[in-house]
>>> print(open('structure38.cif').read())   # mmCIF, C-alpha atoms
data_model
#
loop_
_atom_site.label_atom_id
_atom_site.label_comp_id
_atom_site.auth_asym_id
_atom_site.auth_seq_id
_atom_site.Cartn_x
_atom_site.Cartn_y
_atom_site.Cartn_z
CA MET A 1 54.87 36.16 140.78
CA GLU A 2 54.05 39.71 141.82
CA GLU A 3 51.24 40.62 144.16
CA THR A 4 47.94 40.51 142.30
CA VAL A 5 44.98 42.87 142.45
CA THR A 6 41.37 42.22 141.55
CA LEU A 7 40.11 43.82 138.36
CA THR A 8 36.46 43.94 137.42
CA VAL A 9 35.70 44.19 133.72
CA ARG A 10 32.41 44.54 131.91
CA VAL A 11 32.27 42.70 128.60
CA PRO A 12 29.45 42.02 126.15
CA ARG A 13 27.48 38.87 126.90
CA SER A 14 28.48 37.35 123.55
CA LEU A 15 32.20 37.79 124.39
CA TYR A 16 31.68 36.15 127.78
CA ALA A 17 29.85 33.25 126.14
CA GLU A 18 32.75 32.77 123.72
CA LEU A 19 35.25 32.90 126.61
CA ALA A 20 33.21 30.35 128.57
CA LEU A 21 33.13 28.01 125.56
CA ARG A 22 36.84 28.21 124.77
CA ILE A 23 38.53 28.55 128.18
CA PRO A 24 37.80 26.22 131.15
CA GLU A 25 36.52 27.93 134.31
CA GLY A 26 39.67 27.56 136.42
CA GLU A 27 41.95 28.99 133.71
CA ARG A 28 40.05 32.14 132.72
CA SER A 29 41.90 34.50 135.07
CA THR A 30 45.25 33.26 133.80
CA PHE A 31 44.07 33.58 130.19
CA ILE A 32 42.85 37.16 130.69
CA ARG A 33 46.04 38.12 132.58
CA GLU A 34 48.24 36.72 129.79
CA ALA A 35 46.12 38.39 127.11
CA LEU A 36 46.50 41.76 128.87
CA MET A 37 50.26 41.32 129.25
CA GLU A 38 50.60 40.33 125.58
CA LYS A 39 48.59 43.36 124.44
CA LEU A 40 50.62 45.70 126.68
CA GLN A 41 53.88 44.37 125.24
CA ARG A 42 52.69 45.27 121.72
CA THR A 43 51.58 48.76 122.80
CA PRO A 44 54.41 51.32 122.97
CA SER A 45 54.92 52.81 126.40
CA ALA A 46 54.48 56.53 127.01
CA ASP A 47 58.19 57.07 127.69
CA LYS A 48 59.06 55.52 124.30
CA LEU A 49 56.58 57.85 122.58
CA ILE A 50 58.03 60.86 124.38
CA GLU A 51 61.53 59.76 123.43
CA LEU A 52 60.48 59.43 119.78
CA GLN A 53 58.84 62.88 119.85
CA LYS A 54 62.04 64.40 121.23
CA ARG A 55 64.13 62.68 118.55
CA ILE A 56 61.81 63.94 115.81
CA GLN A 57 61.93 67.46 117.24
CA ARG A 58 65.75 67.34 117.32
CA LEU A 59 65.81 66.15 113.71
CA GLU A 60 63.46 68.97 112.66
CA GLU A 61 65.67 71.51 114.41
CA GLU A 62 68.78 70.12 112.73
CA ILE A 63 67.10 70.20 109.33
CA SER A 64 65.99 73.76 110.02
CA ARG A 65 69.59 74.76 110.86
CA ILE A 66 70.81 73.11 107.66
CA LYS A 67 68.14 74.91 105.62
CA ASN A 68 69.03 78.21 107.30
CA SER A 69 72.69 77.69 106.48
CA LEU A 70 71.90 76.77 102.89
CA ALA A 71 69.59 79.77 102.55
CA ASP A 72 72.30 82.05 103.98
CA LEU A 73 74.79 80.64 101.48
CA GLU A 74 72.13 81.09 98.78
CA ILE A 75 72.41 77.42 97.87
CA LEU A 76 68.83 76.78 98.92
CA THR A 77 66.72 79.10 96.83
CA PHE A 78 63.05 79.35 96.15
CA THR A 79 61.51 80.21 92.83
CA ARG A 80 58.48 82.46 92.69
CA GLY A 81 55.32 80.43 92.98
CA GLU A 82 56.95 77.55 94.82
CA VAL A 83 55.58 78.07 98.34
CA ASN A 84 51.95 78.58 99.25
CA PRO A 85 51.76 81.02 102.20
CA HIS A 86 48.44 79.47 103.28
CA ALA A 87 50.30 76.25 104.13
CA PHE A 88 51.37 77.87 107.41
CA CYS A 89 47.85 78.83 108.50
CA ILE A 90 46.00 76.88 111.16
CA ASP A 91 42.59 78.54 111.09
CA GLU A 92 40.39 81.14 109.40
CA ILE A 93 42.06 84.08 111.18
CA ASP A 94 45.46 83.07 109.82
CA HIS A 95 44.00 82.74 106.33
CA LYS A 96 42.46 86.23 106.59
CA ILE A 97 45.82 87.67 107.72
CA ILE A 98 47.67 86.03 104.82
CA ASN A 99 44.97 87.11 102.33
CA TYR A 100 45.30 90.70 103.55
CA LEU A 101 49.08 90.60 103.18
CA ILE A 102 48.78 89.04 99.72
CA HIS A 103 46.36 91.75 98.63
CA TYR A 104 48.23 94.73 100.10
CA ARG A 105 51.74 93.15 100.07
CA GLY A 106 52.33 94.52 103.58
CA ALA A 107 50.50 96.02 106.53
CA THR A 108 50.80 97.01 110.15
CA THR A 109 49.15 94.89 112.82
CA SER A 110 46.68 97.70 113.45
CA GLU A 111 45.64 97.80 109.78
CA ILE A 112 45.12 94.06 109.66
CA ALA A 113 43.24 94.05 112.98
CA GLU A 114 40.90 96.81 111.78
CA ALA A 115 40.30 95.04 108.46
CA ILE A 116 39.47 91.61 109.86
CA LYS A 117 37.96 92.84 113.14
CA VAL A 118 40.17 91.09 115.69
CA ASN A 119 42.56 92.19 118.43
CA ARG A 120 45.89 93.66 117.28
CA TRP A 121 47.82 91.49 119.75
CA LEU A 122 46.20 88.37 118.33
CA ILE A 123 47.38 89.46 114.85
CA LEU A 124 50.90 90.03 116.18
CA ASN A 125 51.06 86.61 117.86
CA ARG A 126 49.71 84.88 114.75
CA LEU A 127 52.22 86.63 112.48
CA LYS A 128 55.09 85.67 114.79
CA ARG A 129 53.90 82.05 114.81
CA ILE A 130 53.59 81.98 111.00
CA ARG A 131 57.06 83.53 110.72
CA SER A 132 58.70 81.01 113.05
CA LYS A 133 56.87 78.01 111.58
CA SER A 134 57.78 78.97 108.01
CA LYS A 135 61.38 79.73 108.98
CA ARG A 136 61.64 76.36 110.71
CA GLN A 137 60.26 74.52 107.67
CA LEU A 138 61.73 76.54 104.80
CA GLY A 139 64.83 78.15 106.23
CA LYS A 140 63.38 81.59 105.44
CA PRO A 141 60.25 83.20 106.89
CA ILE A 142 57.21 83.65 104.65
CA VAL A 143 56.37 86.93 106.47
CA GLU A 144 58.88 89.50 107.66
CA TYR A 145 58.71 92.45 110.00
CA HIS A 146 60.42 95.74 109.04
CA ALA A 147 60.66 98.37 111.78
CA GLY A 148 61.77 101.05 109.35
CA GLN A 149 59.88 102.60 106.50
CA LYS A 150 59.10 100.49 103.47
CA ALA A 151 56.64 101.38 100.73
CA GLY A 152 55.19 104.18 102.86
CA LYS A 153 54.56 102.03 105.92
CA ILE A 154 56.47 102.09 109.19
CA LYS A 155 56.72 99.05 111.50
CA ALA A 156 54.87 96.76 109.14
CA TRP A 157 54.73 93.08 108.23
CA TRP A 158 55.51 92.07 104.67
CA LEU A 159 54.91 88.95 102.66
CA ASN A 160 58.24 87.56 101.47
CA GLU A 161 57.54 87.66 97.73
CA GLU A 162 60.86 85.98 97.04
CA ILE A 163 59.42 82.64 98.12
CA ALA A 164 55.66 83.19 98.32
CA GLU A 165 53.39 81.80 95.63
CA GLU A 166 51.59 84.40 93.57
CA GLN A 167 47.95 84.50 94.59
CA ILE A 168 45.12 86.23 92.77
CA GLU A 169 42.22 87.29 94.93
CA ALA A 170 38.81 86.51 93.54
#
>>> encode(input="structure38.cif", output="structure tokens")
Amino acid sequence: MEETVTLTVRVPRSLYAELALRIPEGERSTFIREALMEKLQRTPSADKLIELQKRIQRLEEEISRIKNSLADLEILTFTRGEVNPHAFCIDEIDHKIINYLIHYRGATTSEIAEAIKVNRWLILNRLKRIRSKSKRQLGKPIVEYHAGQKAGKIKAWWLNEEIAEEQIEA
């Protein structure tokens, strides 16, 4: 048997009374030790959880690559109204950004920042995150950046209407 250490535990009085009734005094330490070991065996270890997270991440990346390939081959297509762009938002700022893009179809980061009263760099980072998250899940990004001129705007972000659900602002 390994070297033992003393462990002090506070338990409710009713639990102690039940333990005293069921387990004889000389066997309580052994009982508690075995109960802890049994519970630990049923609880997954941290390294197993990390390993599972890595496997899930690898699977997601592989699925993303497959979706990208299918989208490039135009086998995986999206019909209008199939994808809700708000599904890629994590908070109110993201929802405001998407609402602005839905309403105006496209905008620069400065225009969005001025409209919703937040920092332009925050808008840029949020748009990049939405783009990468949607590309990872769908194979195509829900928002796209065009450095050139499009619809009178230069260096603007555009909602990908090919896959985005039609939204009507109230």
>>> residues_around(input="structure38.cif", residues="Asp94 (chain A)", least_positions_apart="4", cutoff="10 Å", atoms="only C-alpha atoms", output="PDB file with C-alpha atoms, in the frame of the given file")
ATOM      1  CA  HIS A  86      48.440  79.470 103.280  1.00  0.00           C
ATOM      2  CA  PHE A  88      51.370  77.870 107.410  1.00  0.00           C
ATOM      3  CA  CYS A  89      47.850  78.830 108.500  1.00  0.00           C
ATOM      4  CA  ILE A  90      46.000  76.880 111.160  1.00  0.00           C
ATOM      5  CA  ILE A  98      47.670  86.030 104.820  1.00  0.00           C
ATOM      6  CA  ASN A  99      44.970  87.110 102.330  1.00  0.00           C
ATOM      7  CA  TYR A 100      45.300  90.700 103.550  1.00  0.00           C
ATOM      8  CA  ILE A 123      47.380  89.460 114.850  1.00  0.00           C
ATOM      9  CA  ARG A 126      49.710  84.880 114.750  1.00  0.00           C
ATOM     10  CA  LEU A 127      52.220  86.630 112.480  1.00  0.00           C
ATOM     11  CA  ARG A 129      53.900  82.050 114.810  1.00  0.00           C
ATOM     12  CA  ILE A 130      53.590  81.980 111.000  1.00  0.00           C
TER      13      ILE A 130
END
>>> resolve_selection(input="structure38.cif", expression="the PyMOL selection byres ((chain A and resi 157) around 9)", output="PDB file with C-alpha atoms, in the frame of the given file")
ATOM      1  CA  LEU A 101      49.080  90.600 103.180  1.00  0.00           C
ATOM      2  CA  ARG A 105      51.740  93.150 100.070  1.00  0.00           C
ATOM      3  CA  GLY A 106      52.330  94.520 103.580  1.00  0.00           C
ATOM      4  CA  ALA A 107      50.500  96.020 106.530  1.00  0.00           C
ATOM      5  CA  THR A 108      50.800  97.010 110.150  1.00  0.00           C
ATOM      6  CA  THR A 109      49.150  94.890 112.820  1.00  0.00           C
ATOM      7  CA  LEU A 127      52.220  86.630 112.480  1.00  0.00           C
ATOM      8  CA  VAL A 143      56.370  86.930 106.470  1.00  0.00           C
ATOM      9  CA  GLU A 144      58.880  89.500 107.660  1.00  0.00           C
ATOM     10  CA  TYR A 145      58.710  92.450 110.000  1.00  0.00           C
ATOM     11  CA  HIS A 146      60.420  95.740 109.040  1.00  0.00           C
ATOM     12  CA  ALA A 147      60.660  98.370 111.780  1.00  0.00           C
ATOM     13  CA  LYS A 155      56.720  99.050 111.500  1.00  0.00           C
ATOM     14  CA  ALA A 156      54.870  96.760 109.140  1.00  0.00           C
ATOM     15  CA  TRP A 158      55.510  92.070 104.670  1.00  0.00           C
ATOM     16  CA  LEU A 159      54.910  88.950 102.660  1.00  0.00           C
TER      17      LEU A 159
END
>>> atom_distance(input="structure38.cif", atom1="CA of Asp91 (chain A)", atom2="CA of Gly139 (chain A)")
22.8 Å
>>> residues_around(input="structure38.cif", residues="Ile116 (chain A)", least_positions_apart="2", cutoff="10 Å", atoms="all atoms listed in the file", output="JSON, numbers by chain")
{"A": [93, 96, 97, 100, 111, 112, 113, 114, 118, 119, 123]}
>>> residues_around(input="structure38.cif", residues="region 45-60 of chain A", least_positions_apart="3", cutoff="8 Å", atoms="only C-alpha atoms", output="list in words")
Ile63, Ser64 and Arg136 of chain A
>>> write_last_selection(input="structure38.cif", atoms="C-alpha atoms", output="compact mmCIF listing (two decimals), keeping the file's coordinate frame")
# COMPACT_ATOMS: atom_id res chain seq x y z
CA ILE A 63 67.10 70.20 109.33
CA SER A 64 65.99 73.76 110.02
CA ARG A 136 61.64 76.36 110.71
>>> atom_distance(input="structure38.cif", atom1="CA of Glu61 (chain A)", atom2="CA of Thr43 (chain A)")
28.0 Å
>>> resolve_selection(input="structure38.cif", expression="the PyMOL selection byres ((chain A and resi 31-39) around 12)", output="list in words")
Thr4, Val5, Thr6, Leu7, Thr8, Val9, Tyr16, Leu19, Ala20, Arg22, Ile23, Pro24, Glu25, Gly26, Glu27, Arg28, Ser29, Thr30, Leu40, Gln41, Arg42, Thr43, Pro44 and Ser45 of chain A
>>> build_atoms(input="structure38.cif", residues="region 98-109 of chain A", atoms="all heavy atoms", output="CSV table (one decimal), in the frame of the given file")
chain,number,residue,atom,x,y,z
A,98,ILE,N,46.9,86.3,106.0
A,98,ILE,CA,47.7,86.0,104.8
A,98,ILE,C,47.0,86.6,103.6
A,98,ILE,O,47.7,87.3,102.7
A,98,ILE,CB,47.9,84.5,104.6
A,98,ILE,CG1,48.8,84.0,105.7
A,98,ILE,CG2,48.5,84.2,103.3
A,98,ILE,CD1,50.2,84.6,105.8
A,99,ASN,N,45.7,86.5,103.5
A,99,ASN,CA,45.0,87.1,102.3
A,99,ASN,C,45.2,88.6,102.3
A,99,ASN,O,45.4,89.2,101.2
A,99,ASN,CB,43.5,86.8,102.4
A,99,ASN,CG,43.2,85.4,101.9
A,99,ASN,OD1,44.0,84.7,101.2
A,99,ASN,ND2,42.1,84.8,102.4
A,100,TYR,N,45.1,89.2,103.5
A,100,TYR,CA,45.3,90.7,103.6
A,100,TYR,C,46.7,91.1,103.1
A,100,TYR,O,46.9,92.0,102.3
A,100,TYR,CB,45.0,91.2,105.0
A,100,TYR,CG,44.9,92.7,105.1
A,100,TYR,CD1,43.7,93.3,104.9
A,100,TYR,CD2,46.1,93.5,105.3
A,100,TYR,CE1,43.6,94.7,105.0
A,100,TYR,CE2,46.0,94.8,105.4
A,100,TYR,CZ,44.8,95.5,105.2
A,100,TYR,OH,44.7,96.8,105.3
A,101,LEU,N,47.7,90.3,103.6
A,101,LEU,CA,49.1,90.6,103.2
A,101,LEU,C,49.3,90.3,101.7
A,101,LEU,O,50.1,91.0,101.0
A,101,LEU,CB,50.1,89.8,104.0
A,101,LEU,CG,50.2,90.2,105.5
A,101,LEU,CD1,51.1,89.2,106.2
A,101,LEU,CD2,50.7,91.6,105.6
A,102,ILE,N,48.7,89.3,101.2
A,102,ILE,CA,48.8,89.0,99.7
A,102,ILE,C,48.2,90.2,98.9
A,102,ILE,O,48.8,90.7,97.9
A,102,ILE,CB,48.1,87.7,99.4
A,102,ILE,CG1,48.9,86.5,99.9
A,102,ILE,CG2,47.9,87.6,97.8
A,102,ILE,CD1,48.2,85.2,99.8
A,103,HIS,N,47.0,90.7,99.4
A,103,HIS,CA,46.4,91.8,98.6
A,103,HIS,C,47.1,93.1,98.7
A,103,HIS,O,47.3,93.8,97.7
A,103,HIS,CB,44.9,91.9,99.1
A,103,HIS,CG,44.1,92.9,98.3
A,103,HIS,ND1,44.0,94.2,98.7
A,103,HIS,CD2,43.5,92.7,97.2
A,103,HIS,CE1,43.3,94.8,97.8
A,103,HIS,NE2,42.9,94.0,96.9
A,104,TYR,N,47.6,93.4,99.9
A,104,TYR,CA,48.2,94.7,100.1
A,104,TYR,C,49.8,94.6,100.1
A,104,TYR,O,50.4,95.6,100.3
A,104,TYR,CB,47.7,95.4,101.4
A,104,TYR,CG,46.3,95.8,101.3
A,104,TYR,CD1,45.3,95.0,101.9
A,104,TYR,CD2,45.9,96.9,100.6
A,104,TYR,CE1,43.9,95.3,101.8
A,104,TYR,CE2,44.5,97.2,100.4
A,104,TYR,CZ,43.6,96.4,101.0
A,104,TYR,OH,42.3,96.8,100.9
A,105,ARG,N,50.3,93.4,100.0
A,105,ARG,CA,51.7,93.2,100.1
A,105,ARG,C,52.4,93.4,101.4
A,105,ARG,O,53.4,92.9,101.7
A,105,ARG,CB,52.5,93.9,99.0
A,105,ARG,CG,52.1,93.6,97.6
A,105,ARG,CD,52.6,92.2,97.2
A,105,ARG,NE,52.2,91.9,95.9
A,105,ARG,CZ,51.7,90.8,95.5
A,105,ARG,NH1,51.5,89.8,96.3
A,105,ARG,NH2,51.4,90.6,94.2
A,106,GLY,N,51.8,94.2,102.3
A,106,GLY,CA,52.3,94.5,103.6
A,106,GLY,C,51.3,95.3,104.4
A,106,GLY,O,50.5,96.0,103.8
A,107,ALA,N,51.4,95.3,105.7
A,107,ALA,CA,50.5,96.0,106.5
A,107,ALA,C,51.0,96.0,108.0
A,107,ALA,O,51.7,95.1,108.4
A,107,ALA,CB,49.1,95.4,106.5
A,108,THR,N,50.5,97.0,108.7
A,108,THR,CA,50.8,97.0,110.2
A,108,THR,C,49.8,96.1,110.8
A,108,THR,O,48.7,95.8,110.3
A,108,THR,CB,50.7,98.4,110.7
A,108,THR,OG1,49.3,98.9,110.6
A,108,THR,CG2,51.6,99.4,110.0
A,109,THR,N,50.1,95.7,112.1
A,109,THR,CA,49.2,94.9,112.8
A,109,THR,C,47.8,95.6,113.0
A,109,THR,O,46.8,95.0,113.0
A,109,THR,CB,49.7,94.4,114.2
A,109,THR,OG1,50.2,95.6,114.9
A,109,THR,CG2,50.9,93.5,114.0
